[in-house]
Structure formats: C-alpha cells, structure tokens
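Below is query-v3.txt, which holds compact mmCIF, C-alpha atoms.
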# COMPACT_ATOMS: atom_id res chain seq x y z
CA MET L 273 -17.08 31.81 79.92
CA VAL L 274 -17.96 32.95 76.38
CA THR L 275 -16.40 36.18 75.17
CA HIS L 276 -18.36 38.20 72.66
CA HIS L 277 -16.27 40.12 70.13
CA PRO L 278 -17.96 43.44 69.46
CA HIS L 279 -18.74 44.22 65.82
CA PRO L 280 -16.85 47.23 64.47
CA HIS L 281 -18.74 50.51 64.29
CA PRO L 282 -20.71 50.71 60.98
CA LEU L 283 -18.68 53.73 59.81
CA LEU L 284 -15.40 51.97 60.61
CA ALA L 285 -16.61 48.81 58.87
CA THR L 286 -17.49 50.87 55.76
CA LEU L 287 -14.10 52.63 55.78
CA LEU L 288 -12.28 49.29 56.11
CA ALA L 289 -14.37 47.89 53.23
CA ILE L 290 -13.48 50.93 51.06
CA ALA L 291 -9.79 50.40 51.91
CA ARG L 292 -10.11 46.80 50.69
CA LEU L 293 -11.99 47.98 47.58
CA LEU L 294 -9.01 50.25 46.81
CA ARG L 295 -6.67 47.27 47.54
CA TRP L 296 -4.81 49.23 50.21
CA ASP L 297 -4.45 45.89 52.01
CA LYS L 298 -2.53 44.55 48.97
CA PRO L 299 0.18 47.11 48.16
CA ALA L 300 1.98 44.95 45.55
CA GLY L 301 -0.58 45.73 42.86
CA ARG L 302 -0.40 49.47 43.62
CA LEU L 303 3.39 49.54 43.52
CA ILE L 304 3.64 47.52 40.30
CA LEU L 305 1.67 50.24 38.45
CA MET L 306 3.84 52.96 39.96
CA ILE L 307 7.09 51.27 38.83
CA PRO L 308 6.70 51.87 35.03
CA ALA L 309 5.79 55.50 35.74
CA LEU L 310 8.93 55.88 37.86
CA TRP L 311 11.08 54.13 35.24
CA ALA L 312 9.96 56.66 32.64
CA LEU L 313 10.22 59.63 35.00
CA PHE L 314 13.81 58.95 36.07
CA LEU L 315 15.05 57.92 32.61
CA ALA L 316 13.47 60.93 30.87
CA SER L 317 14.98 63.30 33.45
CA ALA L 318 18.45 61.64 33.43
CA GLY L 319 17.97 60.48 37.03
CA THR L 320 16.90 63.79 38.57
CA PRO L 321 13.15 64.47 38.16
CA PRO L 322 11.68 67.65 39.69
CA PRO L 323 10.50 66.74 43.24
CA LEU L 324 7.01 68.19 42.70
CA LEU L 325 6.55 66.20 39.48
CA LEU L 326 7.74 63.05 41.27
CA GLY L 327 5.05 63.61 43.93
CA VAL L 328 2.36 64.19 41.29
CA ILE L 329 3.30 60.99 39.42
CA VAL L 330 3.37 58.87 42.60
CA LEU L 331 0.02 60.18 43.90
CA GLY L 332 -1.51 60.17 40.41
CA SER L 333 -0.60 56.51 39.89
CA LEU L 334 -2.11 55.60 43.28
CA ALA L 335 -5.34 57.47 42.42
CA THR L 336 -5.50 55.83 38.98
CA SER L 337 -4.92 52.39 40.47
CA ALA L 338 -7.69 53.02 43.01
CA ALA L 339 -10.07 54.05 40.22
CA GLY L 340 -9.14 51.01 38.14
CA CYS L 341 -9.69 48.58 41.03
CA THR L 342 -13.09 50.10 41.83
CA VAL L 343 -14.27 50.01 38.20
CA ASN L 344 -13.04 46.42 37.90
CA ASP L 345 -14.99 45.34 41.00
CA LEU L 346 -18.14 47.16 39.86
CA TRP L 347 -18.11 45.27 36.55
CA ASP L 348 -17.25 41.96 38.25
CA ARG L 349 -19.47 42.13 41.34
CA ASP L 350 -21.51 39.12 40.13
CA ILE L 351 -18.49 37.19 38.81
CA ASP L 352 -16.12 37.64 41.77
CA PRO L 353 -18.26 35.55 44.19
CA GLN L 354 -17.63 32.54 41.91
CA VAL L 355 -13.82 32.88 42.04
CA GLU L 356 -11.96 31.64 45.13
CA ARG L 357 -9.43 34.49 45.13
CA THR L 358 -12.01 37.30 44.75
CA ARG L 359 -15.17 36.12 46.54
CA ASP L 360 -14.46 38.23 49.64
CA ARG L 361 -14.06 41.53 47.78
CA PRO L 362 -16.37 44.21 49.28
CA LEU L 363 -18.73 44.53 46.30
CA ALA L 364 -18.76 40.76 45.68
CA SER L 365 -19.57 40.00 49.35
CA ARG L 366 -22.05 42.92 49.42
CA ALA L 367 -20.10 44.58 52.25
CA LEU L 368 -20.42 47.72 50.10
CA SER L 369 -23.32 48.78 47.89
CA VAL L 370 -23.02 49.48 44.18
CA LYS L 371 -23.92 53.11 44.89
CA MET L 372 -20.98 53.41 47.33
CA GLY L 373 -18.71 51.77 44.75
CA ILE L 374 -19.72 54.34 42.13
CA VAL L 375 -19.10 57.20 44.59
CA VAL L 376 -15.61 55.83 45.40
CA ALA L 377 -14.83 55.47 41.66
CA ILE L 378 -15.90 59.08 40.96
CA ILE L 379 -13.74 60.38 43.83
CA ALA L 380 -10.73 58.32 42.68
CA PHE L 381 -11.06 59.49 39.07
CA GLY L 382 -11.51 63.06 40.37
CA CYS L 383 -8.25 62.83 42.34
CA ALA L 384 -6.43 61.38 39.31
CA ALA L 385 -7.80 64.20 37.13
CA GLY L 386 -6.64 66.79 39.65
CA PHE L 387 -3.07 65.51 39.38
CA ALA L 388 -3.34 65.18 35.59
CA PHE L 389 -4.15 68.89 35.23
CA TYR L 390 -0.74 69.69 36.72
CA LEU L 391 0.88 68.04 33.69
CA ASN L 392 1.54 69.54 30.25
CA ARG L 393 -0.96 69.33 27.37
CA LEU L 394 0.45 66.18 25.71
CA SER L 395 0.57 64.31 29.03
CA LEU L 396 -2.99 65.40 29.82
CA ILE L 397 -4.21 64.12 26.43
CA LEU L 398 -2.49 60.77 27.12
CA CYS L 399 -4.21 60.64 30.54
CA LEU L 400 -7.59 61.09 28.84
CA LEU L 401 -6.77 58.38 26.26
CA ALA L 402 -5.89 55.98 29.09
CA VAL L 403 -9.33 56.28 30.74
CA PRO L 404 -11.34 54.15 28.25
CA VAL L 405 -8.61 51.47 28.38
CA ILE L 406 -8.81 51.38 32.19
CA ILE L 407 -12.61 51.24 32.16
CA GLY L 408 -12.69 48.71 29.31
CA TYR L 409 -10.24 46.16 30.76
CA PRO L 410 -12.82 44.37 32.96
CA LEU L 411 -15.15 44.07 29.94
CA ALA L 412 -12.33 42.66 27.78
CA LYS L 413 -12.23 39.42 29.78
CA ARG L 414 -15.77 38.69 28.58
CA VAL L 415 -15.04 39.02 24.84
CA PHE L 416 -11.27 39.24 24.12
CA PRO L 417 -9.15 36.05 24.33
CA VAL L 418 -6.13 37.82 25.88
CA PRO L 419 -7.59 40.50 28.22
CA GLN L 420 -4.24 40.79 30.01
CA LEU L 421 -2.97 42.53 26.87
CA VAL L 422 -5.55 45.30 27.45
CA LEU L 423 -4.26 45.67 31.01
CA SER L 424 -0.69 45.79 29.63
CA LEU L 425 -1.64 48.65 27.30
CA ALA L 426 -3.17 50.48 30.28
CA TRP L 427 0.13 50.00 32.16
CA GLY L 428 1.99 51.29 29.09
CA PHE L 429 0.26 54.65 29.42
CA ALA L 430 2.18 55.14 32.69
CA VAL L 431 5.37 55.29 30.61
CA LEU L 432 3.98 57.65 27.97
CA ILE L 433 2.41 60.03 30.52
CA SER L 434 5.47 60.23 32.78
CA TRP L 435 7.97 60.58 29.93
CA THR L 436 6.09 63.37 28.21
CA ALA L 437 5.54 65.08 31.58
CA VAL L 438 9.33 65.57 31.70
CA THR L 439 10.26 66.15 28.04
CA GLY L 440 7.00 67.31 26.45
CA GLN L 441 7.53 64.85 23.60
CA LEU L 442 7.76 61.16 22.70
CA GLU L 443 11.27 59.94 21.80
CA PRO L 444 12.78 56.66 20.47
CA ALA L 445 13.71 55.57 24.00
CA THR L 446 10.06 56.12 25.04
CA GLY L 447 8.97 53.50 22.52
CA TRP L 448 11.52 50.92 23.71
CA LEU L 449 10.53 51.44 27.35
CA TRP L 450 6.82 51.34 26.50
CA GLY L 451 7.32 48.00 24.74
CA ALA L 452 9.28 46.65 27.72
CA VAL L 453 6.48 47.59 30.13
CA VAL L 454 3.75 46.07 27.91
CA CYS L 455 5.68 42.77 27.64
CA TRP L 456 6.58 42.70 31.35
CA THR L 457 2.97 43.35 32.37
CA LEU L 458 1.63 40.68 30.02
CA GLY L 459 4.16 38.26 31.55
CA PHE L 460 3.50 38.85 35.24
CA ASP L 461 -0.26 39.23 34.79
CA THR L 462 -0.44 35.91 32.94
CA VAL L 463 1.30 34.38 35.96
CA TYR L 464 -1.39 35.99 38.14
CA ALA L 465 -4.13 34.65 35.84
CA LEU L 466 -2.85 31.08 36.26
CA SER L 467 -4.15 31.05 39.85
CA ASP L 468 -7.72 31.69 38.60
CA ARG L 469 -7.60 29.41 35.55
CA GLU L 470 -9.91 26.65 36.91
CA ASP L 471 -12.50 29.15 38.20
CA ASP L 472 -12.39 31.20 34.98
CA LEU L 473 -12.98 28.08 32.87
CA LYS L 474 -16.09 27.19 34.90
CA ILE L 475 -17.55 30.70 34.61
CA GLY L 476 -16.58 31.18 30.96
CA ILE L 477 -14.24 34.14 31.56
CA LYS L 478 -11.35 34.58 29.14
CA SER L 479 -7.71 35.02 30.19
CA SER L 480 -4.22 34.75 28.73
CA ALA L 481 -3.60 31.75 31.04
CA ILE L 482 -6.47 29.91 29.32
CA PHE L 483 -5.57 31.20 25.83
CA PHE L 484 -1.95 29.99 26.04
CA GLY L 485 -2.99 26.76 27.81
CA ARG L 486 -0.08 24.37 28.37
CA TYR L 487 2.19 26.83 26.56
CA ALA L 488 1.58 29.50 29.25
CA PRO L 489 5.06 29.08 30.85
CA LEU L 490 6.66 29.44 27.39
CA ALA L 491 4.56 32.53 26.62
CA ILE L 492 5.58 34.07 29.98
CA ALA L 493 9.24 33.25 29.24
CA LEU L 494 8.98 34.99 25.86
CA CYS L 495 7.34 38.03 27.50
CA PHE L 496 10.17 38.32 30.06
CA ALA L 497 12.80 37.78 27.34
CA ALA L 498 11.23 40.54 25.23
CA THR L 499 11.15 42.79 28.32
CA ALA L 500 14.88 42.26 28.86
CA GLY L 501 15.64 42.92 25.18
CA LEU L 502 13.56 46.11 25.07
CA LEU L 503 15.10 47.38 28.33
CA ALA L 504 18.51 46.72 26.78
CA ALA L 505 17.48 48.74 23.71
CA THR L 506 16.35 51.56 26.03
CA ALA L 507 19.71 51.51 27.83
CA ILE L 508 21.68 51.55 24.56
CA THR L 509 19.59 54.43 23.18
CA LEU L 510 20.14 56.47 26.37
CA HIS L 511 23.82 55.40 26.75
CA LEU L 512 23.27 54.27 30.34
CA HIS L 513 26.24 53.49 32.59
CA TRP L 514 27.21 49.79 33.00
CA SER L 515 25.64 49.79 36.51
CA PHE L 516 22.22 49.44 34.85
CA TRP L 517 23.37 46.32 33.01
CA LEU L 518 24.26 44.73 36.34
CA THR L 519 20.67 45.10 37.62
CA LEU L 520 19.26 43.90 34.28
CA GLY L 521 21.40 40.77 34.57
CA ILE L 522 20.03 40.10 38.08
CA ALA L 523 16.46 40.65 36.80
CA ILE L 524 17.02 38.16 33.95
CA PHE L 525 18.28 35.60 36.49
CA PHE L 526 15.13 36.00 38.64
CA TRP L 527 12.79 35.88 35.62
CA SER L 528 14.48 32.66 34.47
CA TRP L 529 14.09 31.18 37.96
CA GLN L 530 10.40 32.12 38.00
CA VAL L 531 9.73 30.51 34.62
CA GLY L 532 11.52 27.37 35.81
CA GLN L 533 9.05 27.10 38.68
CA LEU L 534 6.08 27.45 36.31
CA TYR L 535 7.12 24.22 34.62
CA GLN L 536 6.79 22.30 37.90
CA PRO L 537 3.71 20.03 37.99
CA ASP L 538 1.03 20.70 40.63
CA LEU L 539 2.34 24.11 41.62
CA PRO L 540 0.10 25.42 44.48
CA ARG L 541 -2.15 28.36 43.59
CA SER L 542 -0.48 30.57 46.20
CA ARG L 543 2.84 30.30 44.37
CA TYR L 544 1.51 32.28 41.39
CA GLY L 545 0.71 35.21 43.68
CA GLU L 546 4.19 35.00 45.19
CA ILE L 547 5.83 35.14 41.74
CA PHE L 548 3.65 38.13 40.86
CA ARG L 549 4.74 39.95 44.04
CA GLN L 550 8.41 39.16 43.37
CA ASN L 551 8.12 41.25 40.21
CA VAL L 552 7.59 44.32 42.40
CA GLY L 553 11.06 43.76 43.84
CA ILE L 554 12.50 43.15 40.37
CA GLY L 555 10.88 46.38 39.15
CA PHE L 556 12.41 48.45 41.96
CA LEU L 557 15.80 46.78 41.42
CA LEU L 558 15.67 47.88 37.77
CA LEU L 559 14.63 51.38 38.88
CA VAL L 560 17.75 51.59 41.06
CA GLY L 561 19.80 50.48 38.05
CA GLU L 562 18.16 53.09 35.82
CA ILE L 563 18.83 55.88 38.32
CA ALA L 564 22.43 54.78 38.83
CA GLY L 565 22.91 54.27 35.09
CA SER L 566 21.58 57.78 34.37
CA LEU L 567 23.52 59.60 37.09
CA LEU L 568 26.83 57.79 36.57
CA LYS L 569 26.56 58.35 32.80
CA LEU L 570 26.67 62.09 33.52
CA ALA L 571 29.54 61.66 35.99
CA SER L 572 31.73 59.52 33.69

As a first step, turn the structure in this file into structure tokens.
Amino acid sequence: MVTHHPHPHPLLATLLAIARLLRWDKPAGRLILMIPALWALFLASAGTPPPLLLGVIVLGSLATSAAGCTVNDLWDRDIDPQVERTRDRPLASRALSVKMGIVVAIIAFGCAAGFAFYLNRLSLILCLLAVPVIIGYPLAKRVFPVPQLVLSLAWGFAVLISWTAVTGQLEPATGWLWGAVVCWTLGFDTVYALSDREDDLKIGIKSSAIFFGRYAPLAIALCFAATAGLLAATAITLHLHWSFWLTLGIAIFFWSWQVGQLYQPDLPRSRYGEIFRQNVGIGFLLLVGEIAGSLLKLAS
C-alpha cells in the first residue's frame, strides 16, 4: 500500500520558506551577531543595562540579521545554486520569488528602523552608517579579496551602536572592544568560508579562505590571538574583576583547540560549520565573564 504525503498548504509552504530565508532554522548565525551587541551593552552599563534597552538591542539585532540575510540571498540568488551549502536556500531554489524577497527585506529593515528610533541621536546615526555596509557585503565577494572583513566591519557596528546607546559617546574601551569583535568575526567567518572554498574557486567568488590559502589556519590563529589581546585591553581599561579573566582563559583554550583542528589534513566540510557554531558558546561564555567582571568590580 502506497502512502501519499500531502503537500503543505501553499501559505504554510511560503511561511516556512520565509523562515528559512530569515535563517530562523539556523539560530547560530543570529546569536553570533547579537553577542557583540550584548558585550557592548553590558560593559558600557557596568553589568546592569536598562531592561527596555536590552529588549530593543536584542530585537533590533534579530531584525538587522534578518534584513542582512535577505539582502545577501537576493544578491546571490544565481550564485547560491552552484554552492553545495547554499543551493537549497529559498531564493536559490526558487521556492520564493524575488518580489517576495524584496518585500521581506523591506519589512525587516522597517522593523530594525523602528527599534533604531528608540535610540539616541549618535546611535541612530551609527545605525544609518551600518546600512550600506550590510547591503554592500554580498557585493564585496565579487570584487574585494577579503569580503569577510566587510562582514566584520558590519559586526563591529553592533558594538558602536550598543555602547553609545548606553553612554551617548564613544570611549577608549569602545575602541578596544570594537577591534576585538572585528578580529573575532574575521576569524570565525574565515573558518566558515573554508567549507565553501572549492565551490567559490569554481564560480570565481572571492573569500578570505581563498585569499589566505594554505596560511588560512595561521591567519585564523592570529585573528583569535588579536581578539584575546583586545579583550584583555578592554578589561584593563574598565578594571574588570578577575572573574572575567577566567572566562577569557577558557576562550583562549578553545580557540587554540579549534586552530589545532584546522591544521588536520582532509578535515570534513561539516567540521568547519561545527567550529563556527562553537564560537557562539565561546561568545556567551565571555558575556558571562563580562557581566560578572563588571558587577563584582563594583562589589569589591
């Protein structure tokens, strides 16, 4: 007896495709954008951000991430079908039309703008400056040898926006933290790019994994080392409690372990994605250290 599986209702199928377009089925990428924003928010507020501002930053980062993913897939709808990892994306597989993609992007940017208008003037200006970087990242991979650096700069805006939302100004510690986030993002996104390296070479797409070539593991190691150094500078500037240094030490151990794996020959493609996702955990571990380091500094 043959059982026929009913096709989902067209509306449900469209909603599921939109959810995949927004990457709601892959939360790691959404969380890893939120982490730098939370780092800045908790450090700038000495561990106690206003609850409403915390909600705005969390929802704003999710809306921005959704907009960025949609713009990326609109630009890459004819490239993604040629890459193993991305060929099933809704716009690449034509599960969604370009028109629907544009509508989703407008709604996502509209939501992000709504949250941005809650912020102060300097933070709002920084939000506006971030938009061309977010929109331009997918184009960078066609012309710029290290497009992951453009993504890293987009991630860096999360620090600047959140910090100024609390203090209304940029401070020395903001610069150290911004640098740490740019280096960390360049490191973990180069790991991510390694899984697409063969496909990107065939298509002619540029990436940091291709640019660094056989020195990619060394470049990633240097990025993580710079991240650790800049986070240390942030902690010294803010006089954080020793509890932060404990979490930074654990993070350095995990980063070293990850780089060690990258030097293994014939590493399966799936392993690069796993290392990328591990950085979400490392990011939240550091956030716990930053909160504890801020609060216990006040208590000691």

Centre and edge lengths, as JSON, for the axis-aligned box enclosing every listed atom of region 325-342 of chain L with 4 Å of padding on each of the six sides, in Å to one decimal?
{"center_x": -2.7, "center_y": 57.4, "center_z": 41.0, "size_x": 28.8, "size_y": 25.6, "size_z": 13.8}

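Excluding region 308-323 of chain L itself and any same-chain residue fewer than 6 positions from it, the protein and nucleic acid residues within 8 Å of it, counting all atoms listed in the file, are L:Ile329, L:Val330, L:Ser333, L:Trp427, L:Gly428, L:Ala430, L:Val431, L:Leu432, L:Ile433, L:Ser434, L:Trp435, L:Ala437, L:Val438, L:Thr439, L:Thr446, L:Leu449, L:Val453, L:Leu559, L:Glu562, L:Ile563, L:Ala564, L:Ser566, L:Leu567.
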
Would you mind exporting C-alpha atoms of the selected residues as an mmCIF file, in the coordinates of the input?
data_model
loop_
_atom_site.group_PDB
_atom_site.id
_atom_site.type_symbol
_atom_site.label_atom_id
_atom_site.label_comp_id
_atom_site.auth_asym_id
_atom_site.auth_seq_id
_atom_site.Cartn_x
_atom_site.Cartn_y
_atom_site.Cartn_z
ATOM 1 C CA ILE L 329 3.300 60.990 39.420
ATOM 2 C CA VAL L 330 3.370 58.870 42.600
ATOM 3 C CA SER L 333 -0.600 56.510 39.890
ATOM 4 C CA TRP L 427 0.130 50.000 32.160
ATOM 5 C CA GLY L 428 1.990 51.290 29.090
ATOM 6 C CA ALA L 430 2.180 55.140 32.690
ATOM 7 C CA VAL L 431 5.370 55.290 30.610
ATOM 8 C CA LEU L 432 3.980 57.650 27.970
ATOM 9 C CA ILE L 433 2.410 60.030 30.520
ATOM 10 C CA SER L 434 5.470 60.230 32.780
ATOM 11 C CA TRP L 435 7.970 60.580 29.930
ATOM 12 C CA ALA L 437 5.540 65.080 31.580
ATOM 13 C CA VAL L 438 9.330 65.570 31.700
ATOM 14 C CA THR L 439 10.260 66.150 28.040
ATOM 15 C CA THR L 446 10.060 56.120 25.040
ATOM 16 C CA LEU L 449 10.530 51.440 27.350
ATOM 17 C CA VAL L 453 6.480 47.590 30.130
ATOM 18 C CA LEU L 559 14.630 51.380 38.880
ATOM 19 C CA GLU L 562 18.160 53.090 35.820
ATOM 20 C CA ILE L 563 18.830 55.880 38.320
ATOM 21 C CA ALA L 564 22.430 54.780 38.830
ATOM 22 C CA SER L 566 21.580 57.780 34.370
ATOM 23 C CA LEU L 567 23.520 59.600 37.090
#

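The residue that comes closest to Gln420 (chain L), out of L:Ala338, L:Leu458, L:Ala523, L:Leu539 and on the basis of all atoms listed in the file, is L:Leu458.
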
Q: Please identify all polymer residues lying at most 6 Å from the point (-1.5, 34.7, 29.8) (file coordinates), using all atoms listed in the file, and present the result as a list in words.
A: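 Checked against the point, the hits come out as Thr462, Ser480 and Ala481 of chain L.
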
Q. Rounded to one decimal in Å, what is the spacing between CA of Ala335 (chain L) and CA of Ala385 (chain L)?
A.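 CA of Ala385 (chain L) lies at a distance of 8.9 Å from CA of Ala335 (chain L).
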
**Q.** Which residue of L:Leu325, L:Leu494, L:Val454, L:Ile475 approaches Asp350 (chain L) most closely, using only C-alpha atoms
**A.**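 Checking each of L:Leu325, L:Leu494, L:Val454, L:Ile475 against Asp350 (chain L), counting only C-alpha atoms, the winner is L:Ile475.
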
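By only C-alpha atoms, and with residues fewer than 2 positions from Phe416 (chain L) along its chain excluded, the set lying at most 12 Å from it is L:Gly408, L:Tyr409, L:Pro410, L:Leu411, L:Ala412, L:Lys413, L:Arg414, L:Val418, L:Pro419, L:Gln420, L:Leu421, L:Val422, L:Leu423, L:Gly476, L:Ile477, L:Lys478, L:Ser479, L:Ser480, L:Ile482, L:Phe483.
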
**Q.** Interatomic distance, CA of Val531 (chain L) to CA of Pro489 (chain L) (Å, one decimal)
**A.**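 Going from CA of Val531 (chain L) over to CA of Pro489 (chain L) covers 6.2 Å.
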
(Q) Which residue is closest to Ala491 (chain L)? Choose from L:Asp471, L:His511, L:Ser369, L:Leu534 and count all atoms listed in the file. (A)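 Once distances to Ala491 (chain L) are computed over all atoms listed in the file, the minimum belongs to L:Leu534.
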
(Q) Restricting the calculation to all atoms listed in the file: of L:Leu520, L:Ala571, L:Ala388, L:Leu490, which residue gets closest to Leu503 (chain L)? (A)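 Among the listed residues, the smallest separation from Leu503 (chain L) belongs to L:Leu520.
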
Q) At what distance in Å, to one decimal, does CA of Phe429 (chain L) lie from CA of Pro444 (chain L)? A)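 CA of Phe429 (chain L) lies 15.5 Å from CA of Pro444 (chain L).
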
Q. Using only C-alpha atoms, which residue out of L:Tyr487, L:Trp296, L:Trp450, L:Trp527 lies closest to Thr342 (chain L)?
A.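 Among the listed residues, the smallest separation from Thr342 (chain L) belongs to L:Trp296.
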
Q.
Quick one: residues within 12 Å of Asp297 (chain L), all atoms listed in the file, excluding same-chain residues fewer than 6 positions away - as a ChimeraX atom specification?
A. /L:288-291,338,361

Those same residues, written as a CSV table (one decimal), in the coordinates of the input with C-alpha atoms?
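Output contents, as saved in selection-v5.csv:
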chain,number,residue,atom,x,y,z
L,288,LEU,CA,-12.3,49.3,56.1
L,289,ALA,CA,-14.4,47.9,53.2
L,290,ILE,CA,-13.5,50.9,51.1
L,291,ALA,CA,-9.8,50.4,51.9
L,338,ALA,CA,-7.7,53.0,43.0
L,361,ARG,CA,-14.1,41.5,47.8

Q) From the set L:Ser424, L:Lys371, L:Asp472, L:Glu356, which residue has the shortest atom-to-atom contact distance to Arg541 (chain L), counting only C-alpha atoms? A)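 Nearest to Arg541 (chain L): L:Glu356.
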
Q. Please, which residues are within 12 Å of (10.5, 42.0, 43.8) by the file's coordinates, counting only C-alpha atoms, and could they come as a ChimeraX atom specification?
A. /L:300-301,303-304,307,460,522-523,526-527,530,545-559

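Around Ser542 (chain L), within 10 Å and counting only C-alpha atoms, the residues found are L:Arg357, L:Tyr464, L:Ser467, L:Ile547, once anything fewer than 5 positions away on its own chain is removed.
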
Q.
Would you pick out the contacts of Ala507 (chain L) at 9 Å or less, using all atoms listed in the file, so that residues sharing its chain but fewer than 2 positions from it are not included, and give the list as an MDAnalysis selection string?
A. chainID L and resid 445 502:505 509:513 516:517 562 565

Given the selection you just returned, output its residues as a file containing C-alpha atoms, formatted as a tab-separated table (two decimals), in the coordinates of the input.
chain	number	residue	atom	x	y	z
L	445	ALA	CA	13.71	55.57	24.00
L	502	LEU	CA	13.56	46.11	25.07
L	503	LEU	CA	15.10	47.38	28.33
L	504	ALA	CA	18.51	46.72	26.78
L	505	ALA	CA	17.48	48.74	23.71
L	509	THR	CA	19.59	54.43	23.18
L	510	LEU	CA	20.14	56.47	26.37
L	511	HIS	CA	23.82	55.40	26.75
L	512	LEU	CA	23.27	54.27	30.34
L	513	HIS	CA	26.24	53.49	32.59
L	516	PHE	CA	22.22	49.44	34.85
L	517	TRP	CA	23.37	46.32	33.01
L	562	GLU	CA	18.16	53.09	35.82
L	565	GLY	CA	22.91	54.27	35.09

Region 553-568 of chain L from the block above: N, CA and C atoms written as a tab-separated table (two decimals), in the first residue's frame:
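Output (result.tsv):
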chain	number	residue	atom	x	y	z
L	553	GLY	N	28.97	29.61	21.62
L	553	GLY	CA	29.16	29.26	23.03
L	553	GLY	C	30.28	30.04	23.67
L	554	ILE	N	31.39	30.20	22.94
L	554	ILE	CA	32.52	30.98	23.46
L	554	ILE	C	32.09	32.43	23.70
L	555	GLY	N	31.31	32.98	22.77
L	555	GLY	CA	30.84	34.36	22.90
L	555	GLY	C	29.98	34.55	24.14
L	556	PHE	N	29.06	33.61	24.39
L	556	PHE	CA	28.21	33.72	25.58
L	556	PHE	C	29.00	33.49	26.86
L	557	LEU	N	30.00	32.62	26.80
L	557	LEU	CA	30.88	32.42	27.97
L	557	LEU	C	31.58	33.74	28.33
L	558	LEU	N	32.09	34.42	27.32
L	558	LEU	CA	32.75	35.71	27.55
L	558	LEU	C	31.76	36.75	28.06
L	559	LEU	N	30.52	36.69	27.58
L	559	LEU	CA	29.49	37.61	28.07
L	559	LEU	C	29.25	37.41	29.56
L	560	VAL	N	29.18	36.15	29.98
L	560	VAL	CA	29.02	35.85	31.42
L	560	VAL	C	30.19	36.43	32.20
L	561	GLY	N	31.40	36.26	31.65
L	561	GLY	CA	32.59	36.82	32.30
L	561	GLY	C	32.56	38.34	32.38
L	562	GLU	N	32.08	38.97	31.33
L	562	GLU	CA	31.99	40.44	31.31
L	562	GLU	C	30.97	40.94	32.33
L	563	ILE	N	29.84	40.24	32.43
L	563	ILE	CA	28.81	40.65	33.41
L	563	ILE	C	29.34	40.46	34.82
L	564	ALA	N	29.94	39.28	35.07
L	564	ALA	CA	30.49	39.01	36.40
L	564	ALA	C	31.64	39.99	36.72
L	565	GLY	N	32.49	40.23	35.73
L	565	GLY	CA	33.62	41.13	35.93
L	565	GLY	C	33.19	42.55	36.22
L	566	SER	N	32.07	42.97	35.63
L	566	SER	CA	31.53	44.33	35.85
L	566	SER	C	30.86	44.45	37.21
L	567	LEU	N	30.02	43.46	37.53
L	567	LEU	CA	29.27	43.51	38.80
L	567	LEU	C	30.16	43.34	40.02
L	568	LEU	N	31.10	42.38	39.92
L	568	LEU	CA	31.98	42.10	41.07
L	568	LEU	C	33.02	43.22	41.26
